[in-house]
Amino acid sequence: MIALSLALAYAGFTALSLAMERHHEQAHGHRRIPAGRRRLLRIAGWGLVAASPAPCIALAGWGDGSVLWCGLLTAALLPLALLLAYAPRVVAASAVVALPAAAVAALLGA
Amino acid sequence: MKEGFRQCMAWLHTWSGLLVGWILFAIFLTGTAAYLRPEITTWMRPELHATAAGPAAAQAALDHLQQVAPRSPSWFVNLPDARQPALQVLWREAAAGRRGFANAWLDPATGETLTARETRGGEFFYRFHFQLHYLNVPLARWIVSFCAMMMLVAIISGIVTHRRIFADFFTFRPGKGSRSWIDGHALVAVAALPYHLMITYTGLVTLMLMTMPWGAEKAYGGDRAAFTAEVFGTAPPGRAAGRPAPLTAVAPLLEAATRHWQGGSVGRIAVQHPGDANATILLTRDDAERISSNPQTLLFDGTTGALLASAGDTGGAAAATRGVMYGLHIGRFAGPLLRGLLLLSGLAGTVMVATGCLLWAVKIRQQALKRGRIGFGLRLVEHLNVAAIAGLPVAMAGFFWANRVLPPGLAGRAEWEIHLFFIAWAICLLHPLLRRGRQAWIDQFAAGGLMFALLPVVSLVTTERHLGVTLAAGDWAFAGFEFGLLAIGAALGAIAWRLARRRPAAAVAPQRRQPTARLAAGAAE
């Protein structure tokens, strides 16, 4: 469940970063982002980040859950920024892999 | 005012941060280590093995106290829990040393006394992070409070100063000189911003009764004891009756407490006037079970076992708020996962303070290079940066080394561990006088890395509880701690190696002007 929260936040942050020219260039080699894709990335990004606290709160309640979620945001953001700096090509793929992996883990009850 | 609001805030951010930066770094790093207080203590007492604690542990502890300290006016028992499997008993004894208490460690299964080396363990880092050491306690707490207040000022002015907080949200550009330092500083600051605000503000709250006592003094007419009794449920003990009476069995009281707290467990037992007709038994709930740190307690008659009073179940809104803030700060409620996240955020805060201190030096050095002259202020800041940032890990490793190599019977052994912490730190403070600039950083990070990485080896030589044994026995808490030490050693070593490998670009470029090149070679990066 917590892995799912982390993956949602991580994928959301990734989508939001790839909607920015600077990071899009790092990941894909060119600055121009088609308008439709940019909108899609933004909506997906905000949607995923907005959904990310749900598993925490479902698991640990509002008090502990929100503390946990704040910590998970930090844990999602730091590796993403480092990946963008040192291995930008794998950023998009990492988010695409993280989500289903976390969903499977949550279903298996991990 | 000619300057804009933002420049003003930038000035405030720079100077509030620099003024207290080195102390803040030490507070942040030792405070982060304090999240692992029980684990550190366990590692520093390798003689105390984890044994399954049964319900009989409490009775065994009281029986032991009855034997060794029948005349003591008060007994305390710290019951084992998942993180600290040892059973500790303390009793007040006029002849005993530290604050008039004697203590012993017991095997929770059999009640037999265990001998363990004398050490403050993780308690030292915990105490140091809010009251330093060697200083008188109120003064030191005032210093720490002041630093925390400056930290809050620096955080808020930093948020105002950071114009591109969203545009640079994911940005880190390595290898670009001062740009990289700014990026790194902003990244760790923004990534854990809720944590930084929380920990700094709640840190101030933990010391608020000292820094701002007037509300409580006014409301209680200066009667501190009445205030403490009402807020924390610790009423001053009554008088002894002078008539002997046997103490009641403790197991039924523990059961009653678990019922009262709906499954909560007891963490601590305090007995006043044991063996007297007026004896009382106070049970305090284990504080790992709720966010709020306001203790929940039950007071029983020591001879009849009747419930006399309960405290902490409900409370005023202000007391509850303070309890939650205090609890958030110390993080005792956190399970392993959340504790890991708190550690990560604490390290982010430590890096934030460190990069902030370095940034100032990097910027001023750039200006000094243009003028071709380096002032005393810059030299001082650069020197203190090395001693604080690279020196503290060396000192912490020195503390752990002392724990392993000092002879067990040494008088004042626990104090000597702490002295060696400060001796190691003092060496790091002097060392940059001999080895200037980048070389001082490399030396100290390498020394710290080596000292941490060798600790498991020292355990192998000096104790019977080393990785060869712990791994085979599945003693994961202990083995994991030693792997953590290895990881810290590797991380410090990697920093030293990177610093040694990469000479700054500025040192290569201006070959024509010799003095400038020499100045640049001393830059941190």
# chains A, B, ... in the order shown; residues from 1 in each chain; ligands from 1

$ residues_around --residues "Met1 in chain A" --least-positions-apart "4" --cutoff "12 Å" --atoms "only C-alpha atoms" --output "VMD selection string"
chain A and resid 5 to 8 52 to 60 65 68 to 69 99 101 to 110

$ write_last_selection --atoms "N, CA and C atoms" --output "PDB file, in the first residue's frame"
ATOM      1  N   SER A   5       1.535   4.408  -2.767  1.00  0.00           N
ATOM      2  CA  SER A   5       1.542   5.847  -2.507  1.00  0.00           C
ATOM      3  C   SER A   5       2.813   6.484  -3.064  1.00  0.00           C
ATOM      4  N   LEU A   6       3.939   5.834  -2.776  1.00  0.00           N
ATOM      5  CA  LEU A   6       5.223   6.357  -3.242  1.00  0.00           C
ATOM      6  C   LEU A   6       5.272   6.381  -4.763  1.00  0.00           C
ATOM      7  N   ALA A   7       4.790   5.294  -5.396  1.00  0.00           N
ATOM      8  CA  ALA A   7       4.836   5.222  -6.852  1.00  0.00           C
ATOM      9  C   ALA A   7       3.920   6.276  -7.484  1.00  0.00           C
ATOM     10  N   LEU A   8       2.759   6.505  -6.889  1.00  0.00           N
ATOM     11  CA  LEU A   8       1.856   7.535  -7.410  1.00  0.00           C
ATOM     12  C   LEU A   8       2.527   8.909  -7.361  1.00  0.00           C
ATOM     13  N   SER A  52      -1.991  10.395  -4.571  1.00  0.00           N
ATOM     14  CA  SER A  52      -0.954   9.683  -3.811  1.00  0.00           C
ATOM     15  C   SER A  52      -1.215   9.592  -2.303  1.00  0.00           C
ATOM     16  N   PRO A  53      -1.865  10.559  -1.653  1.00  0.00           N
ATOM     17  CA  PRO A  53      -2.066  10.366  -0.206  1.00  0.00           C
ATOM     18  C   PRO A  53      -3.091   9.289   0.137  1.00  0.00           C
ATOM     19  N   ALA A  54      -3.956   8.944  -0.829  1.00  0.00           N
ATOM     20  CA  ALA A  54      -5.076   8.052  -0.503  1.00  0.00           C
ATOM     21  C   ALA A  54      -4.635   6.734   0.148  1.00  0.00           C
ATOM     22  N   PRO A  55      -3.659   6.003  -0.439  1.00  0.00           N
ATOM     23  CA  PRO A  55      -3.279   4.736   0.207  1.00  0.00           C
ATOM     24  C   PRO A  55      -2.732   4.934   1.617  1.00  0.00           C
ATOM     25  N   CYS A  56      -1.955   6.012   1.827  1.00  0.00           N
ATOM     26  CA  CYS A  56      -1.406   6.282   3.167  1.00  0.00           C
ATOM     27  C   CYS A  56      -2.526   6.466   4.170  1.00  0.00           C
ATOM     28  N   ILE A  57      -3.507   7.274   3.783  1.00  0.00           N
ATOM     29  CA  ILE A  57      -4.569   7.610   4.731  1.00  0.00           C
ATOM     30  C   ILE A  57      -5.472   6.404   4.960  1.00  0.00           C
ATOM     31  N   ALA A  58      -5.681   5.627   3.881  1.00  0.00           N
ATOM     32  CA  ALA A  58      -6.478   4.411   4.037  1.00  0.00           C
ATOM     33  C   ALA A  58      -5.796   3.464   5.015  1.00  0.00           C
ATOM     34  N   LEU A  59      -4.480   3.425   4.976  1.00  0.00           N
ATOM     35  CA  LEU A  59      -3.743   2.472   5.805  1.00  0.00           C
ATOM     36  C   LEU A  59      -3.567   2.968   7.237  1.00  0.00           C
ATOM     37  N   ALA A  60      -3.211   4.244   7.382  1.00  0.00           N
ATOM     38  CA  ALA A  60      -2.761   4.709   8.697  1.00  0.00           C
ATOM     39  C   ALA A  60      -3.656   5.786   9.307  1.00  0.00           C
ATOM     40  N   GLY A  65      -1.242   9.003   8.658  1.00  0.00           N
ATOM     41  CA  GLY A  65      -1.187   8.907   7.208  1.00  0.00           C
ATOM     42  C   GLY A  65      -0.641  10.164   6.560  1.00  0.00           C
ATOM     43  N   LEU A  68       3.065  10.406   7.136  1.00  0.00           N
ATOM     44  CA  LEU A  68       3.722   9.438   6.252  1.00  0.00           C
ATOM     45  C   LEU A  68       3.800   9.980   4.820  1.00  0.00           C
ATOM     46  N   TRP A  69       2.695  10.574   4.367  1.00  0.00           N
ATOM     47  CA  TRP A  69       2.633  11.069   2.985  1.00  0.00           C
ATOM     48  C   TRP A  69       3.659  12.179   2.749  1.00  0.00           C
ATOM     49  N   LEU A  99       4.707   2.385 -11.419  1.00  0.00           N
ATOM     50  CA  LEU A  99       3.281   2.328 -11.077  1.00  0.00           C
ATOM     51  C   LEU A  99       2.703   0.918 -11.079  1.00  0.00           C
ATOM     52  N   ALA A 101       4.229  -1.881 -10.980  1.00  0.00           N
ATOM     53  CA  ALA A 101       4.936  -2.699  -9.996  1.00  0.00           C
ATOM     54  C   ALA A 101       4.359  -2.472  -8.607  1.00  0.00           C
ATOM     55  N   ALA A 102       4.121  -1.195  -8.267  1.00  0.00           N
ATOM     56  CA  ALA A 102       3.566  -0.881  -6.956  1.00  0.00           C
ATOM     57  C   ALA A 102       2.128  -1.382  -6.833  1.00  0.00           C
ATOM     58  N   ALA A 103       1.376  -1.287  -7.951  1.00  0.00           N
ATOM     59  CA  ALA A 103      -0.013  -1.755  -7.908  1.00  0.00           C
ATOM     60  C   ALA A 103      -0.056  -3.252  -7.642  1.00  0.00           C
ATOM     61  N   VAL A 104       0.831  -3.985  -8.312  1.00  0.00           N
ATOM     62  CA  VAL A 104       0.893  -5.439  -8.096  1.00  0.00           C
ATOM     63  C   VAL A 104       1.265  -5.735  -6.649  1.00  0.00           C
ATOM     64  N   ALA A 105       2.270  -4.991  -6.151  1.00  0.00           N
ATOM     65  CA  ALA A 105       2.706  -5.191  -4.773  1.00  0.00           C
ATOM     66  C   ALA A 105       1.551  -4.934  -3.805  1.00  0.00           C
ATOM     67  N   ALA A 106       0.757  -3.887  -4.080  1.00  0.00           N
ATOM     68  CA  ALA A 106      -0.366  -3.554  -3.202  1.00  0.00           C
ATOM     69  C   ALA A 106      -1.416  -4.669  -3.248  1.00  0.00           C
ATOM     70  N   LEU A 107      -1.648  -5.208  -4.456  1.00  0.00           N
ATOM     71  CA  LEU A 107      -2.638  -6.276  -4.585  1.00  0.00           C
ATOM     72  C   LEU A 107      -2.194  -7.527  -3.840  1.00  0.00           C
ATOM     73  N   LEU A 108      -0.872  -7.769  -3.876  1.00  0.00           N
ATOM     74  CA  LEU A 108      -0.356  -8.943  -3.187  1.00  0.00           C
ATOM     75  C   LEU A 108      -0.293  -8.725  -1.675  1.00  0.00           C
ATOM     76  N   GLY A 109      -0.620  -7.493  -1.272  1.00  0.00           N
ATOM     77  CA  GLY A 109      -0.678  -7.229   0.160  1.00  0.00           C
ATOM     78  C   GLY A 109       0.654  -6.875   0.791  1.00  0.00           C
ATOM     79  N   ALA A 110       1.613  -6.442  -0.015  1.00  0.00           N
ATOM     80  CA  ALA A 110       2.916  -6.067   0.532  1.00  0.00           C
ATOM     81  C   ALA A 110       2.844  -4.681   1.164  1.00  0.00           C
TER      82      ALA A 110
END

$ closest_atom_pairs --of "chain B" --to "chain A" --cutoff "12 Å" --atoms "only C-alpha atoms" --output "CSV"
residue,atom,partner,partner_atom,distance
B:Phe166,CA,A:Ser17,CA,10.1
B:Ala167,CA,A:Met20,CA,8.1
B:Asp168,CA,A:Arg22,CA,9.5
B:Phe169,CA,A:Ser17,CA,8.3
B:Phe170,CA,A:Ala81,CA,5.0
B:Thr171,CA,A:Ala81,CA,6.1
B:Phe172,CA,A:Ala85,CA,5.9
B:Arg173,CA,A:Ala85,CA,6.2
B:Pro174,CA,A:Ala85,CA,7.0
B:Gly175,CA,A:Ala85,CA,10.3
B:Lys176,CA,A:Ala85,CA,11.9
B:Ser180,CA,A:Ala85,CA,10.8
B:Asp183,CA,A:Ala81,CA,10.3
B:Gly184,CA,A:Ala81,CA,9.8
B:Ala186,CA,A:Leu78,CA,11.4
B:Leu187,CA,A:Leu78,CA,7.7
B:Val188,CA,A:Leu78,CA,7.5
B:Ala189,CA,A:Thr74,CA,10.0
B:Val190,CA,A:Thr74,CA,8.6
B:Ala191,CA,A:Thr74,CA,5.0
B:Ala192,CA,A:Thr74,CA,5.3
B:Leu193,CA,A:Thr74,CA,8.5
B:Pro194,CA,A:Cys70,CA,6.8
B:Tyr195,CA,A:Cys70,CA,7.6
B:His196,CA,A:Gly71,CA,11.1
B:Leu197,CA,A:Cys70,CA,11.8
B:Met198,CA,A:Val67,CA,10.2
B:Glu289,CA,A:Asp64,CA,11.1
B:Arg290,CA,A:Asp64,CA,9.0
B:Ile291,CA,A:Asp64,CA,7.5
B:Ser292,CA,A:Gly63,CA,10.5
B:Val324,CA,A:Gly63,CA,9.9
B:Met325,CA,A:Val67,CA,11.9
B:Gly327,CA,A:Asp64,CA,11.4
B:Leu328,CA,A:Val67,CA,8.7
B:His329,CA,A:Val67,CA,11.5
B:Gly331,CA,A:Val67,CA,10.4
B:Phe333,CA,A:Asp64,CA,8.9
B:Ala334,CA,A:Asp64,CA,8.4
B:Gly335,CA,A:Leu68,CA,10.0
B:Pro336,CA,A:Leu68,CA,11.3
B:Leu337,CA,A:Leu68,CA,8.6
B:Leu338,CA,A:Leu68,CA,6.0
B:Arg339,CA,A:Leu68,CA,9.4
B:Gly340,CA,A:Gly71,CA,9.0
B:Leu341,CA,A:Gly71,CA,5.3
B:Leu342,CA,A:Gly71,CA,6.7
B:Leu343,CA,A:Gly71,CA,9.6
B:Leu344,CA,A:Ala75,CA,7.5
B:Ser345,CA,A:Thr74,CA,7.0
B:Gly346,CA,A:Gly71,CA,10.4
B:Leu347,CA,A:Thr74,CA,11.2
B:Ala348,CA,A:Thr74,CA,8.9
B:Gly349,CA,A:Thr74,CA,11.3

$ closest_residue --among "B:Ala414, B:Leu79, B:Ala426, B:Val266" --to "Ala395 in chain B" --atoms "only C-alpha atoms"
B:Ala426

$ residues_around --residues "range 281-288 of chain B" --least-positions-apart "6" --cutoff "7 Å" --atoms "only C-alpha atoms" --output "JSON list (two decimals) with C-alpha atoms, in the first residue's frame"
[["chain", "number", "residue", "atom", "x", "y", "z"],
["B", 264, "GLY", "CA", -2.20, -0.14, 24.88],
["B", 265, "SER", "CA", 0.82, -1.48, 26.74],
["B", 266, "VAL", "CA", 2.79, -0.23, 29.72],
["B", 267, "GLY", "CA", 6.24, 1.25, 29.06],
["B", 268, "ARG", "CA", 7.31, 2.32, 32.51],
["B", 269, "ILE", "CA", 6.55, 1.52, 36.13],
["B", 270, "ALA", "CA", 7.29, 3.92, 39.00],
["B", 271, "VAL", "CA", 6.89, 2.85, 42.60],
["B", 272, "GLN", "CA", 6.92, 5.39, 45.44],
["B", 295, "PRO", "CA", 1.90, 10.67, 28.86],
["B", 296, "GLN", "CA", -1.10, 8.55, 29.77],
["B", 297, "THR", "CA", -0.73, 7.28, 33.30],
["B", 298, "LEU", "CA", -2.61, 5.21, 35.86],
["B", 299, "LEU", "CA", -1.93, 5.53, 39.56],
["B", 300, "PHE", "CA", -2.61, 2.52, 41.81],
["B", 301, "ASP", "CA", -2.50, 2.01, 45.54],
["B", 302, "GLY", "CA", 0.65, 0.01, 46.13],
["B", 332, "ARG", "CA", 8.79, 7.87, 18.87],
["B", 333, "PHE", "CA", 5.41, 6.91, 17.41]]

$ atom_distance --atom1 "CA of Thr42 in chain B" --atom2 "CA of Arg404 in chain B"
12.9 Å

$ decode --residues "range 150-226 of chain B" --atoms "C-alpha atoms" --output "CSV table (one decimal), in the first residue's frame"
chain,number,residue,atom,x,y,z
B,150,MET,CA,17.2,31.7,13.6
B,151,MET,CA,16.6,28.5,11.7
B,152,LEU,CA,12.9,29.3,11.4
B,153,VAL,CA,13.8,32.8,10.3
B,154,ALA,CA,16.2,31.3,7.7
B,155,ILE,CA,13.5,28.9,6.4
B,156,ILE,CA,10.8,31.5,6.0
B,157,SER,CA,13.1,34.1,4.5
B,158,GLY,CA,14.6,31.4,2.3
B,159,ILE,CA,11.1,30.5,0.9
B,160,VAL,CA,10.6,34.2,0.1
B,161,THR,CA,14.0,34.5,-1.5
B,162,HIS,CA,13.6,31.4,-3.7
B,163,ARG,CA,11.9,33.0,-6.7
B,164,ARG,CA,11.8,30.0,-8.9
B,165,ILE,CA,10.5,27.5,-6.3
B,166,PHE,CA,8.2,25.8,-8.8
B,167,ALA,CA,10.3,26.3,-12.0
B,168,ASP,CA,13.3,24.8,-10.2
B,169,PHE,CA,11.3,22.2,-8.3
B,170,PHE,CA,13.1,19.2,-10.0
B,171,THR,CA,16.3,21.0,-10.9
B,172,PHE,CA,19.8,19.9,-9.9
B,173,ARG,CA,22.7,20.9,-12.3
B,174,PRO,CA,25.9,19.2,-11.1
B,175,GLY,CA,29.4,20.3,-12.1
B,176,LYS,CA,28.5,24.0,-12.4
B,177,GLY,CA,30.3,25.5,-9.5
B,178,SER,CA,28.3,27.7,-7.2
B,179,ARG,CA,25.2,27.1,-9.4
B,180,SER,CA,25.3,23.5,-8.3
B,181,TRP,CA,25.6,24.4,-4.7
B,182,ILE,CA,22.6,26.7,-5.0
B,183,ASP,CA,20.6,24.0,-6.8
B,184,GLY,CA,21.5,21.3,-4.2
B,185,HIS,CA,20.7,23.6,-1.3
B,186,ALA,CA,17.3,24.5,-2.8
B,187,LEU,CA,16.5,21.0,-3.8
B,188,VAL,CA,17.0,19.4,-0.3
B,189,ALA,CA,15.3,22.4,1.2
B,190,VAL,CA,12.2,22.2,-1.0
B,191,ALA,CA,12.0,18.4,-1.1
B,192,ALA,CA,11.6,18.2,2.7
B,193,LEU,CA,10.1,21.6,3.3
B,194,PRO,CA,7.2,20.3,5.4
B,195,TYR,CA,9.6,18.4,7.5
B,196,HIS,CA,12.0,21.4,8.0
B,197,LEU,CA,9.2,23.6,9.0
B,198,MET,CA,7.7,21.0,11.3
B,199,ILE,CA,10.9,20.0,13.0
B,200,THR,CA,12.1,23.5,13.6
B,201,TYR,CA,8.8,24.8,14.9
B,202,THR,CA,8.1,21.8,17.0
B,203,GLY,CA,11.7,22.0,18.3
B,204,LEU,CA,10.9,25.4,19.6
B,205,VAL,CA,7.7,24.1,21.1
B,206,THR,CA,9.6,21.4,23.0
B,207,LEU,CA,11.6,24.1,24.8
B,208,MET,CA,8.8,26.7,25.1
B,209,LEU,CA,8.2,26.2,28.8
B,210,MET,CA,11.7,27.4,29.3
B,211,THR,CA,11.8,30.2,26.7
B,212,MET,CA,8.2,31.5,27.3
B,213,PRO,CA,7.2,30.5,30.8
B,214,TRP,CA,5.0,33.5,31.5
B,215,GLY,CA,1.6,32.0,30.5
B,216,ALA,CA,2.0,29.0,32.8
B,217,GLU,CA,3.4,31.2,35.6
B,218,LYS,CA,0.6,33.6,35.4
B,219,ALA,CA,-2.1,31.0,35.3
B,220,TYR,CA,-0.7,28.9,38.1
B,221,GLY,CA,0.5,31.8,40.3
B,222,GLY,CA,4.1,30.6,40.0
B,223,ASP,CA,3.3,27.2,41.3
B,224,ARG,CA,5.3,25.1,38.9
B,225,ALA,CA,4.5,21.8,40.5
B,226,ALA,CA,0.8,22.3,40.2
